[in-house]
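Peer 1: There's a structure below that I have some questions on.
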Amino acid sequence: ITQINAMAEEQQRIADDLARLIDSANAPIFGVDPKGMVSEWNRKAAELLGYPKEDAIGKDLITSFIEPENRSSVEEILQKALAGSETSNYALSLMSKVGKRYTVLLNATTRRDAKGHITGVVGVGQDITQLNQVMADSKRIADDLTRLIETANAPIFGIDIAGKVSEWNAKASSLLGFSKEETIGKHLVSNFITEEF
C-alpha cells in the first residue's frame, strides 16, 4: 500500500507540474472535451482574449469564442482532432472581449487518457498578430517604393550582382526604347550600353 501511495503521489506531482507548465506558458493554450466545451484555458489565452479561466471553462468554444466566419473551419479542425487527425499551423483570427482582433497560428492535438481513448482536443497557439502587421507594413512600403520608381521622372534601372537588369522603370523605357519585359534578366553592359561608352 505504501508503494501504491508513493506512485499515486508521484503521478499527482507530475500532473500538478504539467498543469503549472500549461498555465504559465507564453502561448495561448485551451482544451475542449468531445462536445467542444472548454475544459482548459491558460493565463495567456485569458490575457489575449480577455476572458478569465472561470468565464471560459464549460462554455462552447466555437459559439463563445470563435468569430462566425471561422466557425465551420474550426469545427472541422476539432472534429478531425477528435477522430485522431491533428492540425498544425492553422491561422485563426480571434476577437478579444474588448474587440481587438488577434491572429493565432494554431496546432490542434488529440487529447487521450491513460488507456489511449480520445478525451478531447488541446489547442496550442502562437500570437502572430504583430508579425502580420510588420509584414503588411513592409509590403505597403515595398509597394510605395515600386510605384515611386515606376513613376519617377528620371530613368531608373537596377542590376543584380551578375550585371543583369533587375529593375527598369517607365522613364528608362520611354528614353531608351526598350520595354521592361525586354530588359529584365539581360546583361546591362553587353545588351544596352553602346561601345562609345
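Labels used: A, B, ... for chains in the order of the C-alpha cells, numbers from 1 for residues in each chain, and numbers from 1 for ligands as shown.
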I'd like to know which residues of range 33-182 of chain A are strand (DSSP E) (by DSSP, run on the backbone); could you write them as a ChimeraX atom specification?
Peer 2: /A:38-41,87-95,101-112,118-127,157-159,165-168
Peer 1: When DSSP is applied to the backbone of this structure, which of chain A are assigned alpha helix (DSSP H)? Write them out as number ranges by chain.
Peer 2: A: 2-24, 43-49, 53-56, 61-65, 71-82, 129-151, 170-176, 180-183, 188-192
Peer 1: Nearest to Pro34 in chain A: which of A:Ile4, A:Ile66, A:Leu48, A:Ala83 is it, counting only C-alpha atoms?
Peer 2: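 Nearest candidate to Pro34 in chain A out of A:Ile4, A:Ile66, A:Leu48, A:Ala83: A:Ala83.
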Peer 1: One decimal, in Å: what's the spacing between CA of Glu75 in chain A and CA of Leu92 in chain A?
Peer 2: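 One can read the CA of Glu75 in chain A to CA of Leu92 in chain A distance as 12.1 Å.
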Peer 1: Could you tell me how far CA of Ser64 in chain A lies from CA of Asn132 in chain A, in Å and to one decimal?
Peer 2: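 Interatomic distance, CA of Ser64 in chain A to CA of Asn132 in chain A: 24.8 Å.
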